[in-house]
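The next block is target_30.txt, given as compact mmCIF, C-alpha atoms.
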# COMPACT_ATOMS: atom_id res chain seq x y z
CA MET A 1 -4.40 -21.79 9.65
CA ILE A 2 -3.88 -19.99 6.37
CA PRO A 3 -0.48 -20.94 4.92
CA GLU A 4 2.09 -18.19 4.45
CA SER A 5 2.29 -18.69 0.70
CA HIS A 6 -1.28 -17.43 0.28
CA PHE A 7 -0.40 -14.14 1.97
CA LEU A 8 2.66 -13.90 -0.26
CA ILE A 9 0.56 -14.54 -3.37
CA LEU A 10 -1.81 -11.76 -2.31
CA GLY A 11 1.23 -9.48 -2.00
CA ALA A 12 2.47 -10.55 -5.44
CA ILE A 13 -0.93 -9.82 -7.02
CA LEU A 14 -1.08 -6.37 -5.44
CA PHE A 15 2.51 -5.69 -6.57
CA SER A 16 1.69 -6.67 -10.15
CA ILE A 17 -1.39 -4.48 -10.25
CA GLY A 18 0.64 -1.58 -8.87
CA LEU A 19 3.42 -2.15 -11.41
CA PHE A 20 0.87 -2.24 -14.24
CA GLY A 21 -0.59 1.03 -12.99
CA ALA A 22 2.80 2.71 -12.69
CA LEU A 23 3.64 1.69 -16.25
CA THR A 24 0.38 2.68 -17.89
CA GLN A 25 -1.13 5.66 -16.08
CA ARG A 26 -1.19 8.99 -17.89
CA SER A 27 -1.69 11.28 -14.90
CA ILE A 28 0.97 11.74 -12.25
CA ILE A 29 -1.64 11.23 -9.53
CA GLY A 30 -2.44 7.76 -10.90
CA ILE A 31 1.24 6.87 -10.94
CA LEU A 32 1.58 7.94 -7.29
CA MET A 33 -1.43 5.81 -6.34
CA SER A 34 0.12 2.80 -8.06
CA ILE A 35 3.35 3.36 -6.16
CA GLU A 36 1.36 3.32 -2.92
CA LEU A 37 -0.05 -0.08 -3.97
CA ILE A 38 3.46 -1.41 -4.59
CA LEU A 39 4.60 -0.23 -1.16
CA ASN A 40 1.61 -1.91 0.49
CA ALA A 41 2.41 -5.19 -1.22
CA ALA A 42 5.96 -5.00 0.11
CA CYS A 43 4.62 -4.22 3.58
CA ILE A 44 2.41 -7.33 3.51
CA ASN A 45 5.49 -9.41 2.70
CA PHE A 46 7.40 -7.87 5.62
CA VAL A 47 4.65 -8.72 8.09
CA VAL A 48 4.30 -12.27 6.71
CA PHE A 49 7.99 -13.01 7.07
CA ASP A 50 8.01 -11.45 10.52
CA LYS A 51 5.19 -13.71 11.67
CA PHE A 52 6.24 -16.97 10.08
CA LEU A 53 10.03 -16.81 9.88
CA GLY A 54 11.24 -14.05 12.19
CA ASN A 55 12.37 -14.12 15.78
CA SER A 56 10.55 -12.29 18.50
CA ASP A 57 11.93 -8.74 18.24
CA GLY A 58 9.39 -7.66 15.62
CA LEU A 59 11.83 -6.29 13.07
CA GLY A 60 9.38 -6.86 10.22
CA GLN A 61 6.67 -4.78 11.87
CA ILE A 62 9.16 -2.00 12.61
CA PHE A 63 10.17 -2.02 8.96
CA VAL A 64 6.53 -1.60 8.00
CA LEU A 65 6.17 1.38 10.33
CA LEU A 66 9.25 3.00 8.77
CA VAL A 67 7.95 2.26 5.26
CA ILE A 68 4.60 3.88 6.08
CA ALA A 69 6.38 7.00 7.37
CA ILE A 70 8.68 7.24 4.34
CA ALA A 71 5.77 6.61 1.95
CA ALA A 72 3.90 9.50 3.55
CA ALA A 73 6.98 11.75 3.23
CA THR A 74 7.61 10.93 -0.44
CA LEU A 75 3.94 11.31 -1.24
CA VAL A 76 3.74 14.74 0.33
CA VAL A 77 6.71 15.95 -1.72
CA GLY A 78 5.32 14.28 -4.86
CA LEU A 79 1.92 15.89 -4.52
CA ALA A 80 3.53 19.28 -3.85
CA LEU A 81 5.43 18.77 -7.13
CA VAL A 82 2.13 17.94 -8.86
CA ILE A 83 0.64 21.20 -7.65
CA ALA A 84 3.73 23.19 -8.67
CA VAL A 85 3.72 21.62 -12.14
CA TYR A 86 -0.01 22.24 -12.51
CA ARG A 87 0.52 25.87 -11.59
CA SER A 88 3.14 26.36 -14.29
CA SER A 89 1.82 24.21 -17.14
CA LYS A 90 -1.90 23.61 -16.34
CA THR A 91 -1.71 19.86 -16.78
CA VAL A 92 -1.09 16.74 -14.70
CA SER A 93 -0.55 14.36 -17.59
CA ALA A 94 2.89 12.80 -17.47
CA GLU A 95 3.10 12.77 -21.27
CA ASP A 96 2.59 16.51 -21.61
CA ILE A 97 5.17 17.54 -19.06
CA ASN A 98 8.38 18.01 -20.99
CA LEU A 99 9.69 21.25 -19.55
CA MET A 100 13.13 19.80 -18.84
CA LYS A 101 13.43 17.81 -22.04
CA TRP A 102 14.11 20.38 -24.73
CA MET B 103 -18.08 -10.48 16.55
CA SER B 104 -16.97 -13.20 18.93
CA GLY B 105 -20.61 -13.82 19.80
CA LEU B 106 -21.36 -14.36 16.12
CA ILE B 107 -18.47 -16.81 15.83
CA GLN B 108 -19.80 -18.59 18.92
CA GLN B 109 -23.23 -18.90 17.36
CA LEU B 110 -21.81 -20.25 14.11
CA ASN B 111 -19.76 -22.68 16.17
CA ASN B 112 -22.91 -23.91 17.81
CA ILE B 113 -24.55 -24.67 14.46
CA GLY B 114 -21.55 -26.76 13.54
CA ILE B 115 -19.34 -24.46 11.45
CA PRO B 116 -15.85 -24.55 13.00
CA GLN B 117 -14.02 -21.29 13.69
CA GLU B 118 -11.14 -22.34 11.42
CA ASN B 119 -13.40 -22.36 8.40
CA ILE B 120 -14.88 -18.96 9.24
CA ILE B 121 -11.42 -17.45 9.44
CA LYS B 122 -10.39 -19.01 6.13
CA VAL B 123 -13.53 -18.00 4.26
CA THR B 124 -13.41 -14.42 5.48
CA PHE B 125 -9.71 -14.15 4.64
CA TYR B 126 -10.14 -15.31 1.06
CA LEU B 127 -13.17 -13.06 0.66
CA ILE B 128 -11.22 -10.04 1.91
CA ALA B 129 -8.24 -10.90 -0.30
CA ALA B 130 -10.43 -11.21 -3.40
CA VAL B 131 -12.22 -7.95 -2.68
CA THR B 132 -8.90 -6.18 -2.07
CA CYS B 133 -7.52 -7.38 -5.41
CA PHE B 134 -10.72 -6.32 -7.18
CA PHE B 135 -10.54 -2.81 -5.69
CA ALA B 136 -6.84 -2.57 -6.54
CA LEU B 137 -7.67 -3.41 -10.14
CA ARG B 138 -10.38 -0.75 -10.13
CA ILE B 139 -7.81 1.85 -9.02
CA VAL B 140 -5.82 1.16 -12.16
CA ILE B 141 -8.61 0.86 -14.74
CA SER B 142 -11.26 3.20 -13.40
CA ARG B 143 -11.88 6.26 -15.58
CA ASN B 144 -12.97 8.78 -12.99
CA VAL B 145 -10.00 10.07 -11.02
CA PHE B 146 -12.09 10.78 -7.95
CA HIS B 147 -13.39 7.22 -7.83
CA ARG B 148 -9.82 6.00 -7.90
CA ALA B 149 -9.02 7.79 -4.67
CA LEU B 150 -12.02 6.11 -3.03
CA PHE B 151 -10.98 2.70 -4.38
CA LEU B 152 -7.49 3.37 -3.02
CA ALA B 153 -9.03 3.93 0.42
CA LEU B 154 -10.95 0.64 0.18
CA THR B 155 -7.85 -1.25 -0.92
CA LEU B 156 -5.84 0.16 1.99
CA ILE B 157 -8.59 -0.88 4.42
CA GLY B 158 -8.41 -4.37 2.92
CA VAL B 159 -4.65 -4.46 3.50
CA ALA B 160 -5.29 -3.39 7.10
CA CYS B 161 -7.64 -6.39 7.47
CA VAL B 162 -4.87 -8.65 6.15
CA TYR B 163 -2.59 -7.22 8.87
CA LEU B 164 -5.22 -8.24 11.42
CA TYR B 165 -5.10 -11.80 10.10
CA LEU B 166 -1.33 -11.73 10.56
CA GLY B 167 -1.65 -10.68 14.20
CA ALA B 168 -0.33 -7.15 13.70
CA GLU B 169 -3.09 -5.07 15.26
CA TYR B 170 -0.97 -1.98 15.81
CA LEU B 171 0.03 -1.91 12.15
CA ALA B 172 -3.61 -2.27 11.09
CA VAL B 173 -4.61 0.72 13.20
CA MET B 174 -1.65 2.76 11.91
CA GLN B 175 -2.48 1.79 8.33
CA ILE B 176 -6.02 3.08 8.67
CA LEU B 177 -4.96 6.23 10.55
CA ILE B 178 -2.10 7.26 8.29
CA TYR B 179 -3.05 5.89 4.88
CA VAL B 180 -6.82 6.16 4.89
CA GLY B 181 -6.98 9.15 7.20
CA ALA B 182 -4.15 11.26 5.83
CA ILE B 183 -2.84 10.06 2.49
CA VAL B 184 -6.19 9.45 0.79
CA ALA B 185 -7.41 12.83 2.06
CA LEU B 186 -4.28 14.39 0.53
CA PHE B 187 -4.97 12.63 -2.78
CA VAL B 188 -8.55 13.88 -2.76
CA PHE B 189 -7.41 17.46 -2.15
CA VAL B 190 -4.83 17.33 -4.94
CA ILE B 191 -7.35 15.78 -7.34
CA MET B 192 -9.86 18.50 -6.56
CA LEU B 193 -7.20 21.19 -7.06
CA THR B 194 -5.83 19.92 -10.34
CA THR B 195 -8.45 18.02 -12.35
CA LYS B 196 -12.00 18.53 -13.50
CA ILE B 197 -13.67 15.51 -11.94
CA GLN B 198 -16.88 15.89 -13.92
CA ASN B 199 -14.95 15.23 -17.10
CA ARG B 200 -15.45 11.48 -17.28
CA ALA B 201 -14.39 10.65 -20.79
CA ILE B 202 -10.66 11.20 -20.29
CA ARG B 203 -8.50 8.32 -21.43
CA GLN B 204 -6.47 7.31 -18.39
CA LEU B 205 -4.12 4.70 -19.81
CA ASN B 206 -1.30 5.41 -22.22
CA SER B 207 -0.29 3.49 -25.32
CA GLN B 208 1.78 0.86 -23.50
CA VAL B 209 -1.20 -1.07 -22.12
CA LEU B 210 -0.73 -4.26 -24.13
CA ILE B 211 2.96 -4.77 -23.46
CA SER B 212 2.45 -3.80 -19.80
CA VAL B 213 -0.24 -6.47 -19.41
CA VAL B 214 2.10 -9.06 -20.91
CA VAL B 215 5.08 -8.05 -18.78
CA THR B 216 3.22 -7.79 -15.48
CA SER B 217 1.28 -11.03 -15.93
CA ALA B 218 4.51 -12.83 -16.80
CA LEU B 219 6.09 -11.35 -13.68
CA LEU B 220 3.09 -12.42 -11.60
CA CYS B 221 3.29 -16.00 -12.90
CA LEU B 222 7.01 -16.06 -12.15
CA LEU B 223 6.47 -14.75 -8.60
CA ILE B 224 3.67 -17.21 -7.87
CA SER B 225 5.68 -20.17 -9.15
CA ILE B 226 8.66 -19.10 -7.05
CA ILE B 227 6.46 -18.70 -3.95
CA ARG B 228 4.83 -22.09 -4.46
CA THR B 229 8.02 -24.04 -5.11
CA SER B 230 10.47 -22.54 -2.64
CA PRO B 231 10.75 -24.34 0.70
CA TRP B 232 10.27 -21.95 3.59
CA HIS B 233 12.90 -22.72 6.15
CA LYS B 234 11.64 -22.76 9.67
CA PRO B 235 13.42 -20.32 12.00
CA VAL B 236 16.11 -21.40 14.39
CA LEU B 237 14.32 -19.77 17.28
CA PRO B 238 10.73 -20.85 17.83
CA PRO B 239 8.24 -18.12 16.88
CA ALA B 240 7.20 -16.21 19.95
CA GLY B 241 3.52 -16.14 19.07
CA LEU B 242 1.73 -12.84 19.02
CA LEU B 243 3.89 -9.77 19.36
CA ASN B 244 2.21 -7.26 21.60
CA ILE B 245 2.50 -3.50 21.38
CA SER B 246 4.77 -3.07 24.39
CA GLN B 247 7.31 -5.49 22.92
CA LEU B 248 7.13 -3.61 19.64
CA GLY B 249 7.63 -0.28 21.36
CA ARG B 250 10.55 -1.56 23.41
CA SER B 251 12.18 -2.98 20.33
CA LEU B 252 11.69 0.30 18.46
CA ALA B 253 13.03 2.42 21.31
CA LEU B 254 15.99 0.25 22.27
CA ASN B 255 17.29 -1.86 19.40
CA TYR B 256 16.19 0.12 16.36
CA VAL B 257 16.34 3.67 17.65
CA LEU B 258 18.66 4.92 14.90
CA PRO B 259 16.29 4.23 11.96
CA PHE B 260 13.50 5.74 14.04
CA GLU B 261 15.45 8.99 14.44
CA VAL B 262 16.44 9.01 10.78
CA VAL B 263 12.78 8.71 9.81
CA SER B 264 11.92 11.69 11.97
CA LEU B 265 14.63 13.66 10.14
CA ILE B 266 13.18 12.55 6.77
CA LEU B 267 9.72 13.68 7.87
CA LEU B 268 11.10 17.10 8.80
CA ALA B 269 12.87 17.40 5.45
CA ALA B 270 9.70 16.37 3.62
CA LEU B 271 7.70 18.96 5.53
CA VAL B 272 10.11 21.76 4.64
CA GLY B 273 10.42 20.53 1.06
CA ALA B 274 6.68 20.29 0.50
CA ILE B 275 6.13 23.81 1.77
CA ALA B 276 9.02 25.18 -0.32
CA ILE B 277 7.88 23.44 -3.51
CA GLY B 278 4.17 24.01 -3.15
CA LYS B 279 4.40 27.66 -2.14
CA ALA B 280 3.05 30.16 -4.67
CA LYS B 281 5.63 32.57 -6.05
CA LYS B 282 5.32 36.20 -5.07
CA GLU B 283 4.47 38.61 -7.86

Would you mind writing the structure in this file as structure tokens?
Amino acid sequence: MIPESHFLILGAILFSIGLFGALTQRSIIGILMSIELILNAACINFVVFDKFLGNSDGLGQIFVLLVIAIAAATLVVGLALVIAVYRSSKTVSAEDINLMKW
Amino acid sequence: MSGLIQQLNNIGIPQENIIKVTFYLIAAVTCFFALRIVISRNVFHRALFLALTLIGVACVYLYLGAEYLAVMQILIYVGAIVALFVFVIMLTTKIQNRAIRQLNSQVLISVVVTSALLCLLISIIRTSPWHKPVLPPAGLLNISQLGRSLALNYVLPFEVVSLILLAALVGAIAIGKAKKE
């Protein structure tokens, strides 16, 4: 079968791409998408460790279910914030939003 | 699908090789789509690439024997979250405007930092010995075992997540609501 390290390397690649996106995107929507990628990479690692190293109670898969629910919750609040910011300042670029800075 | 595998078996290609080849293909395609999310210029295309990447991750879950998670991934992420992204993109950006620069001025140093981190992670993964568990792995975990475990052993985090979802619902409505004149 496919060794567990290859799944973990896939997770590491997805995590790196997500981190690169979160560091370099200009729009808030792009940053949120990159954060979703990072969460998915972590979820892959949870399932891999549950299958190859865990015992039979499925804790890794339960963690992934909880992570999916919390990711959905944070994303809903984040996108509501995007809409609120767009309504007040007509932009979604993270560099132009400095309402709370000065 | 199983009929196709049977046919390929009959020609002499073993099932092991089919599984391996399809896995590496899916992994490569998933990484390619994930890269397109980050570097694509059109914001709307990014949402579609995000959907494809999430479907690829769901396929990886299938290879790991987590069918329930794969179905939930497609239902929640692709069905709900990508739709939410598409709505927000349509409400806030002009998607015909293609020539917008999407990356900021930290691209070079970010490439260096993330590729260094990736090399570090891969070397750690390849060199660390994975200890075998004390208990023997129980094989495939079916949905009823998962549900029993969620409802008996881990019921507290389950309830806390339902509370978080309620708070997020109220918060999203309160933040996104238009102010009265």

*Using all atoms listed in the file, pick whichever of B:Leu210, B:Val184, B:Leu205, B:Ser264 has the shortest atom-to-atom distance to chain A.*
B:Leu205

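Distances to Ala69 (chain A) were evaluated for B:Tyr126, B:Leu166, B:Ala253, B:Ile183 using all atoms listed in the file, and the minimum falls at B:Ile183.
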
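Here CA of Met174 (chain B) is placed at a distance of 10.1 Å from CA of Val64 (chain A).
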
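Of the listed residues (A:Ala84, A:Ser5, A:Ile35, A:Leu65), A:Ile35 comes nearest to Leu23 (chain A); the distances count only C-alpha atoms.
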
At a cut-off of 12 Å, using all atoms listed in the file, what residues contact Gly18 (chain A)? Leave out same-chain residues fewer than 3 positions from it and give the result as a short mmCIF file (atom, residue, chain, number, x, y, z; two decimals) with C-alpha atoms, keeping the file's coordinate frame.
data_model
loop_
_atom_site.label_atom_id
_atom_site.label_comp_id
_atom_site.auth_asym_id
_atom_site.auth_seq_id
_atom_site.Cartn_x
_atom_site.Cartn_y
_atom_site.Cartn_z
CA GLY A 11 1.23 -9.48 -2.00
CA ALA A 12 2.47 -10.55 -5.44
CA ILE A 13 -0.93 -9.82 -7.02
CA LEU A 14 -1.08 -6.37 -5.44
CA PHE A 15 2.51 -5.69 -6.57
CA GLY A 21 -0.59 1.03 -12.99
CA ALA A 22 2.80 2.71 -12.69
CA LEU A 23 3.64 1.69 -16.25
CA THR A 24 0.38 2.68 -17.89
CA GLN A 25 -1.13 5.66 -16.08
CA GLY A 30 -2.44 7.76 -10.90
CA ILE A 31 1.24 6.87 -10.94
CA LEU A 32 1.58 7.94 -7.29
CA MET A 33 -1.43 5.81 -6.34
CA SER A 34 0.12 2.80 -8.06
CA ILE A 35 3.35 3.36 -6.16
CA GLU A 36 1.36 3.32 -2.92
CA LEU A 37 -0.05 -0.08 -3.97
CA ILE A 38 3.46 -1.41 -4.59
CA LEU A 39 4.60 -0.23 -1.16
CA ASN A 40 1.61 -1.91 0.49
CA ALA A 41 2.41 -5.19 -1.22
CA ALA A 42 5.96 -5.00 0.11
CA CYS B 133 -7.52 -7.38 -5.41
CA PHE B 135 -10.54 -2.81 -5.69
CA ALA B 136 -6.84 -2.57 -6.54
CA LEU B 137 -7.67 -3.41 -10.14
CA ARG B 138 -10.38 -0.75 -10.13
CA ILE B 139 -7.81 1.85 -9.02
CA VAL B 140 -5.82 1.16 -12.16
CA ILE B 141 -8.61 0.86 -14.74
CA LEU B 152 -7.49 3.37 -3.02
CA THR B 155 -7.85 -1.25 -0.92
CA SER B 212 2.45 -3.80 -19.80
CA VAL B 213 -0.24 -6.47 -19.41
CA THR B 216 3.22 -7.79 -15.48
CA SER B 217 1.28 -11.03 -15.93
CA LEU B 220 3.09 -12.42 -11.60
#

How big is the axis-aligned box around all listed atoms of region 76-90 of chain A once 6 Å goes on each side, and where's its centre, in Å to one decimal, as lines of an AutoDock Vina configuration file?
center_x = 2.4
center_y = 20.3
center_z = -8.4
size_x = 20.6
size_y = 24.1
size_z = 29.5

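Nearest-residue note for His147 (chain B): choosing from B:Leu177, B:Ala182, B:Val263, B:Ile191, the minimum distance belongs to B:Ile191, counting all atoms listed in the file.
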
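Of the listed residues (A:Cys43, A:Lys90, A:Leu99, A:Pro3), A:Cys43 comes nearest to Val67 (chain A); the distances count only C-alpha atoms.
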
*Using all atoms listed in the file: which of B:Ile121, B:Leu171, B:Leu223, B:Leu267 has the shortest distance to Leu8 (chain A)*: B:Leu223

*Select all residues near (-3.9, 17.4, -14.7) (cut-off 12 Å, inclusive, file coordinates), counting all atoms listed in the file, and output them as number ranges by chain.*
A: 26-30, 79, 82-97; B: 145, 190-197, 199, 202, 204

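Here CA of Ala274 (chain B) stands at a distance of 4.9 Å from CA of Val77 (chain A).
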
*For Val47 (chain A), list every protein, DNA or RNA residue within 6 Å, evaluated using only C-alpha atoms, and leave out those in the same chain fewer than 2 positions away; present the list as JSON, numbers by chain.*
{"A": [44, 45, 49, 50, 60, 61]}

*Identify the residues within 12 Å of coordinate (-2.6, 0.2, 16.0) (same frame as the file), considering all atoms listed in the file, and give the answer as a ChimeraX atom specification.*
/A:61,65 /B:160-161,163-164,167-178,244-246,248-249

Writer output for current selection, C-alpha atoms, as a PDB file, keeping the file's coordinate frame:
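Final output, selection12.pdb:
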ATOM      1  CA  GLN A  61       6.670  -4.780  11.870  1.00  0.00           C
ATOM      2  CA  LEU A  65       6.170   1.380  10.330  1.00  0.00           C
TER       3      LEU A  65
ATOM      4  CA  ALA B 160      -5.290  -3.390   7.100  1.00  0.00           C
ATOM      5  CA  CYS B 161      -7.640  -6.390   7.470  1.00  0.00           C
ATOM      6  CA  TYR B 163      -2.590  -7.220   8.870  1.00  0.00           C
ATOM      7  CA  LEU B 164      -5.220  -8.240  11.420  1.00  0.00           C
ATOM      8  CA  GLY B 167      -1.650 -10.680  14.200  1.00  0.00           C
ATOM      9  CA  ALA B 168      -0.330  -7.150  13.700  1.00  0.00           C
ATOM     10  CA  GLU B 169      -3.090  -5.070  15.260  1.00  0.00           C
ATOM     11  CA  TYR B 170      -0.970  -1.980  15.810  1.00  0.00           C
ATOM     12  CA  LEU B 171       0.030  -1.910  12.150  1.00  0.00           C
ATOM     13  CA  ALA B 172      -3.610  -2.270  11.090  1.00  0.00           C
ATOM     14  CA  VAL B 173      -4.610   0.720  13.200  1.00  0.00           C
ATOM     15  CA  MET B 174      -1.650   2.760  11.910  1.00  0.00           C
ATOM     16  CA  GLN B 175      -2.480   1.790   8.330  1.00  0.00           C
ATOM     17  CA  ILE B 176      -6.020   3.080   8.670  1.00  0.00           C
ATOM     18  CA  LEU B 177      -4.960   6.230  10.550  1.00  0.00           C
ATOM     19  CA  ILE B 178      -2.100   7.260   8.290  1.00  0.00           C
ATOM     20  CA  ASN B 244       2.210  -7.260  21.600  1.00  0.00           C
ATOM     21  CA  ILE B 245       2.500  -3.500  21.380  1.00  0.00           C
ATOM     22  CA  SER B 246       4.770  -3.070  24.390  1.00  0.00           C
ATOM     23  CA  LEU B 248       7.130  -3.610  19.640  1.00  0.00           C
ATOM     24  CA  GLY B 249       7.630  -0.280  21.360  1.00  0.00           C
TER      25      GLY B 249
END

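Taking CA of Gln247 (chain B) and CA of Ala270 (chain B) as endpoints, the distance between them is 29.3 Å.
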